[in-house]
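Visitor: The structure follows.
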Amino acid sequence: MAADFLPYGRQSLNEADIAAVVEVLHSDFLTQGPAIPRFEKAVADWCGARHGIAMSNGTATLHCAALAMGLGPGDWLWTSPNTFVASSNAGRYCGAKVDFVDVDPGTACMSVEQLEAKLQAAEKTGRLPKIVVPVHFAGQSCNMPRIHALGQKYGFRILEDAAHALGGTYQGERIGNCRWSDAASHSFHPVKIITSGEGGMITVNDDELAWRIATLRTHGITRDADRMQGESDGPWYYQQIELGYNYRMTDIQAALGASQMDRLDSFAARRREIADLYDRTLAGLPLRPLARDPAGISGWHLYMIRLNLDEIAPRTRRQVFESLRSQGIGVNVHYIPVHLQPDYAQFGFKKGDFPEAERYYEECITLPMFPAMQDEDVLRVKDALVQACLL
Ligand SMILES: *Cc1c(COP(=O)(O)O)cnc(C)c1O
């Protein structure tokens with residue numbers, strides 16, 4: 001990577017983070033030790049949720065949460081097509097069928113109107129979803145009060161994919177507090193808001209759901225005599241009471257994550273500053289940012305633009321993208337609609353199924369966004385965009 005290459009996302013590590021990891025390496029526990037509950041408490045407390053359950057990655061939390069909510073063969077999980085494949089793959093791991101709800105053309109989050117219309121149709125055919133996974137795209141919360149109201153009416157559970165959104169709020173509630181959902185999934189991949197290398201956490205308020213997810217994380221094994229069938233054989237004894245996985249996080253990762261949590265507020269504040277600066281700096285260019293829902297504050301994992309393709313014609317999105325890359329701007333594209341992935345064709349999905357997500361995909365570019373970015377970097381991105389759109 002060239003020294004002057006500006007990536008689209010990047011972790012911010014400091015000496016305290018490094019010291020926290022080294023401390024674990026000198027300690028007795030590399031895994032299943034005290035750093036795990038410390039990190040879990042830090043995230044759950046910040047969000048305002050009763051429980052946080054740390055796992056090996058965000059995808060594992062989606063999988064275990066869906067299983068713990070009873071998702072299985074014959075059930076449906078619905079999510080947004082404008083997401084990372086993990087959101088829908090979680091349903092497939094459970095043997096369930098998956099379907100998508102098209103996005104709002106302004107925010108590129110799941111459209112509540114489309115959700116309601118699809119639920120009305122599904123009720124008639126007896127194909128209502130068991131779980132809906134709203135994705136807080138780019139860090140901005142979906143309209144959770146309305147999705148929650150629909151959940152009450154149509155009887156589905158709600159699993160928030162908050163992988164982009166830690167640090168954000170909606171109607172004054174912190175994303176991840178599960179005020180309008182059963183559980184919220186977080187990811188700590190290095191491009192995300194805070195990092196533990198790889199890692200994820202699910203925040204939950206219901207004690208029983210939290211217990212079941214935590215059990216699935218470790219092979220479906222319990223050491224709690226009250227949960228066992230029959231008597232315990234003795235102090236060494238454990239029982240596998242259902243089929244679970246090894247989805248544990250290590251203490252090395254958890255110590256890094258816990259240390260990063262000390263700076264979540266400053267990371268989030270700096271991301272908001274960069275987003276505001278982008279909005280001001282890019283005004284007047286042949287592009288538009290995502291619509292902002294005034295009810296919330298985004299976690300700003302991503303700063304997305306949509307190109308006004310007719311204004312830049314005959315140049316294409318691809319040419320603009322390649323020009324930016326050649327100028328050292330590490331742009332990306334989020335997301336290729338999941339239903340267009342080859343592995344999803346077997347379920348009958350095809351181009352045209354979710355036209356707003358597809359139109360969004362054809363116009364979007366992900367600009368660099370991470371807390372250590374300088375104001376000058378935003379100006380550099382702007383100059384590169386001008387060059388890319390006009391040349
Ligand atoms: C990053 C991400 C996840 C989880 O990813 P992991 O790499 O498994 O931690 C899930 N959903 C979305 C939308 C993501 O961006």
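In the structure tokens, the first chain shown is A, the next is B, and so on; residue numbers restart at 1 for each chain, and ligands run from 1 in the order shown.
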Please give me, as a PyMOL selection string, the residues lying within 8 Å of ligand 1 when counting only C-alpha atoms and all ligand atoms.

Guide: chain A and resi 56-60+62+83-87+135-137+161-164+185-189+192+198-200

Visitor: Please provide the set of residues having any atom within 7 Å of range 350-356 of chain A, restricted to only C-alpha atoms, with same-chain residues fewer than 4 positions apart removed, written as an mmCIF file with N, CA and C atoms, in the first residue's frame.

Guide:
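So part33.cif came out as:
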data_model
loop_
_atom_site.group_PDB
_atom_site.id
_atom_site.type_symbol
_atom_site.label_atom_id
_atom_site.label_comp_id
_atom_site.auth_asym_id
_atom_site.auth_seq_id
_atom_site.Cartn_x
_atom_site.Cartn_y
_atom_site.Cartn_z
ATOM 1 N N ASP A 102 -37.038 -4.467 -0.147
ATOM 2 C CA ASP A 102 -36.288 -3.434 -0.866
ATOM 3 C C ASP A 102 -36.040 -2.216 0.025
ATOM 4 N N VAL A 103 -35.096 -1.385 -0.414
ATOM 5 C CA VAL A 103 -34.627 -0.293 0.436
ATOM 6 C C VAL A 103 -35.337 1.021 0.114
ATOM 7 N N PRO A 105 -35.273 4.702 -1.068
ATOM 8 C CA PRO A 105 -34.356 5.326 -2.030
ATOM 9 C C PRO A 105 -33.501 6.434 -1.410
ATOM 10 N N HIS A 339 -29.168 -10.471 -3.288
ATOM 11 C CA HIS A 339 -29.982 -11.392 -4.099
ATOM 12 C C HIS A 339 -29.368 -11.623 -5.480
ATOM 13 N N LEU A 340 -28.398 -10.779 -5.876
ATOM 14 C CA LEU A 340 -27.746 -10.962 -7.173
ATOM 15 C C LEU A 340 -26.482 -11.820 -7.083
ATOM 16 N N ALA A 345 -28.990 -17.451 -6.627
ATOM 17 C CA ALA A 345 -29.857 -17.701 -7.796
ATOM 18 C C ALA A 345 -30.670 -18.986 -7.605
ATOM 19 N N TYR A 360 -29.529 1.785 -6.525
ATOM 20 C CA TYR A 360 -28.564 2.323 -5.564
ATOM 21 C C TYR A 360 -27.165 1.747 -5.841
#

Visitor: From the list A:Gly91, A:Pro37, A:Pro7, A:Gly139, which residue is nearest Arg292 in chain A when using only C-alpha atoms?

Guide: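 Closest residue, counting only C-alpha atoms: A:Gly139.
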
Visitor: If we count only C-alpha atoms, what is near range 218-222 of chain A at a cut-off of 6 Å, once residues fewer than 2 positions away on the same chain are taken out, given as a PyMOL selection string?

Guide: chain A and resi 215-216+224+238-246

Visitor: What are the DSSP alpha helix (DSSP H) residues of range 122-314 of chain A, as a PyMOL selection string?

Guide: chain A and resi 122-125+144-154+207-217+251-261+264-282+309-312

Visitor: With only C-alpha atoms as the atoms that count, which of A:Tyr361, A:Phe321, A:Tyr344, A:Phe5 lies nearest to Phe100 in chain A?

Guide: A:Tyr344

Visitor: Between A:His334, A:Trp211, A:Leu6, A:Ser196, which residue has the minimum interatomic distance to Asp251 in chain A, considering only C-alpha atoms?

Guide: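 Residue with the minimum atom-to-atom distance to Asp251 in chain A: A:Ser196.
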
Visitor: At a cut-off of 10 Å, using only C-alpha atoms, what residues contact Ile158 in chain A? Leave out same-chain residues fewer than 2 positions from it and give the result as a list in words.

Guide: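 Once the adjacent positions are removed, what remains is Ala66, Met69, Leu77, Trp78, Lys130, Ile131, Val132, Val133, Pro134, Met144, Ile147, His148, Gly151, Gly155, Phe156, Glu160, Asp161, Cys178, Trp180, Ser181, Asp182, Ala183 and Ala184 of chain A.
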
Visitor: Using only N, CA and C atoms, please write the residues we just selected to a file, as an mmCIF file, in the first residue's frame.

Guide:
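Okay, part17.cif is ready:
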data_model
loop_
_atom_site.group_PDB
_atom_site.id
_atom_site.type_symbol
_atom_site.label_atom_id
_atom_site.label_comp_id
_atom_site.auth_asym_id
_atom_site.auth_seq_id
_atom_site.Cartn_x
_atom_site.Cartn_y
_atom_site.Cartn_z
ATOM 1 N N ALA A 66 -30.227 -15.973 15.681
ATOM 2 C CA ALA A 66 -31.339 -16.496 14.881
ATOM 3 C C ALA A 66 -31.744 -17.890 15.382
ATOM 4 N N MET A 69 -33.610 -17.721 18.610
ATOM 5 C CA MET A 69 -34.988 -17.252 18.440
ATOM 6 C C MET A 69 -35.851 -18.321 17.773
ATOM 7 N N LEU A 77 -36.528 -15.865 7.090
ATOM 8 C CA LEU A 77 -35.836 -14.692 7.623
ATOM 9 C C LEU A 77 -35.807 -13.659 6.500
ATOM 10 N N TRP A 78 -36.213 -12.448 6.820
ATOM 11 C CA TRP A 78 -36.182 -11.358 5.837
ATOM 12 C C TRP A 78 -35.136 -10.336 6.255
ATOM 13 N N LYS A 130 -40.345 -15.367 10.414
ATOM 14 C CA LYS A 130 -40.159 -15.544 11.858
ATOM 15 C C LYS A 130 -39.241 -14.452 12.405
ATOM 16 N N ILE A 131 -38.257 -14.052 11.574
ATOM 17 C CA ILE A 131 -37.301 -13.024 12.005
ATOM 18 C C ILE A 131 -37.125 -12.008 10.880
ATOM 19 N N VAL A 132 -37.104 -10.739 11.253
ATOM 20 C CA VAL A 132 -36.715 -9.676 10.320
ATOM 21 C C VAL A 132 -35.403 -9.082 10.829
ATOM 22 N N VAL A 133 -34.453 -8.923 9.913
ATOM 23 C CA VAL A 133 -33.127 -8.379 10.247
ATOM 24 C C VAL A 133 -32.966 -7.008 9.582
ATOM 25 N N PRO A 134 -33.315 -5.931 10.290
ATOM 26 C CA PRO A 134 -33.055 -4.600 9.728
ATOM 27 C C PRO A 134 -31.560 -4.305 9.816
ATOM 28 N N MET A 144 -36.841 1.996 13.636
ATOM 29 C CA MET A 144 -37.108 0.845 14.505
ATOM 30 C C MET A 144 -38.470 0.883 15.193
ATOM 31 N N ILE A 147 -40.820 -0.575 12.677
ATOM 32 C CA ILE A 147 -40.569 -2.002 12.430
ATOM 33 C C ILE A 147 -41.037 -2.820 13.643
ATOM 34 N N HIS A 148 -40.810 -2.265 14.830
ATOM 35 C CA HIS A 148 -41.261 -2.940 16.049
ATOM 36 C C HIS A 148 -42.782 -3.075 16.072
ATOM 37 N N GLY A 151 -43.746 -5.766 13.911
ATOM 38 C CA GLY A 151 -43.418 -7.043 14.561
ATOM 39 C C GLY A 151 -44.516 -7.472 15.524
ATOM 40 N N GLY A 155 -46.198 -10.657 14.324
ATOM 41 C CA GLY A 155 -45.628 -11.744 15.122
ATOM 42 C C GLY A 155 -44.231 -12.193 14.731
ATOM 43 N N PHE A 156 -43.393 -11.277 14.226
ATOM 44 C CA PHE A 156 -42.006 -11.687 13.966
ATOM 45 C C PHE A 156 -41.073 -11.117 15.020
ATOM 46 N N GLU A 160 -31.471 -6.874 15.006
ATOM 47 C CA GLU A 160 -30.837 -5.729 14.344
ATOM 48 C C GLU A 160 -29.427 -6.102 13.893
ATOM 49 N N ASP A 161 -29.110 -5.820 12.643
ATOM 50 C CA ASP A 161 -27.722 -5.897 12.205
ATOM 51 C C ASP A 161 -27.135 -4.503 12.376
ATOM 52 N N CYS A 178 -31.641 -2.296 22.208
ATOM 53 C CA CYS A 178 -32.730 -3.249 21.942
ATOM 54 C C CYS A 178 -34.075 -2.760 22.461
ATOM 55 N N TRP A 180 -36.341 -1.569 20.669
ATOM 56 C CA TRP A 180 -37.368 -1.966 19.691
ATOM 57 C C TRP A 180 -37.009 -3.286 18.999
ATOM 58 N N SER A 181 -36.233 -4.116 19.670
ATOM 59 C CA SER A 181 -35.822 -5.371 19.022
ATOM 60 C C SER A 181 -35.563 -6.433 20.084
ATOM 61 N N ASP A 182 -35.302 -7.652 19.624
ATOM 62 C CA ASP A 182 -34.933 -8.734 20.534
ATOM 63 C C ASP A 182 -33.437 -8.774 20.775
ATOM 64 N N ALA A 183 -32.657 -8.374 19.771
ATOM 65 C CA ALA A 183 -31.204 -8.466 19.886
ATOM 66 C C ALA A 183 -30.573 -7.563 18.831
ATOM 67 N N ALA A 184 -29.335 -7.141 19.099
ATOM 68 C CA ALA A 184 -28.596 -6.319 18.136
ATOM 69 C C ALA A 184 -27.193 -6.893 17.987
#

Visitor: Could you name the residues that touch range 371-376 of chain A at 12 Å or less, counting only C-alpha atoms, but leaving out those on the same chain fewer than 2 positions away, as a PyMOL selection string?

Guide: chain A and resi 5-14+191-194+263-278+280-281+299-302+367-369+378-383
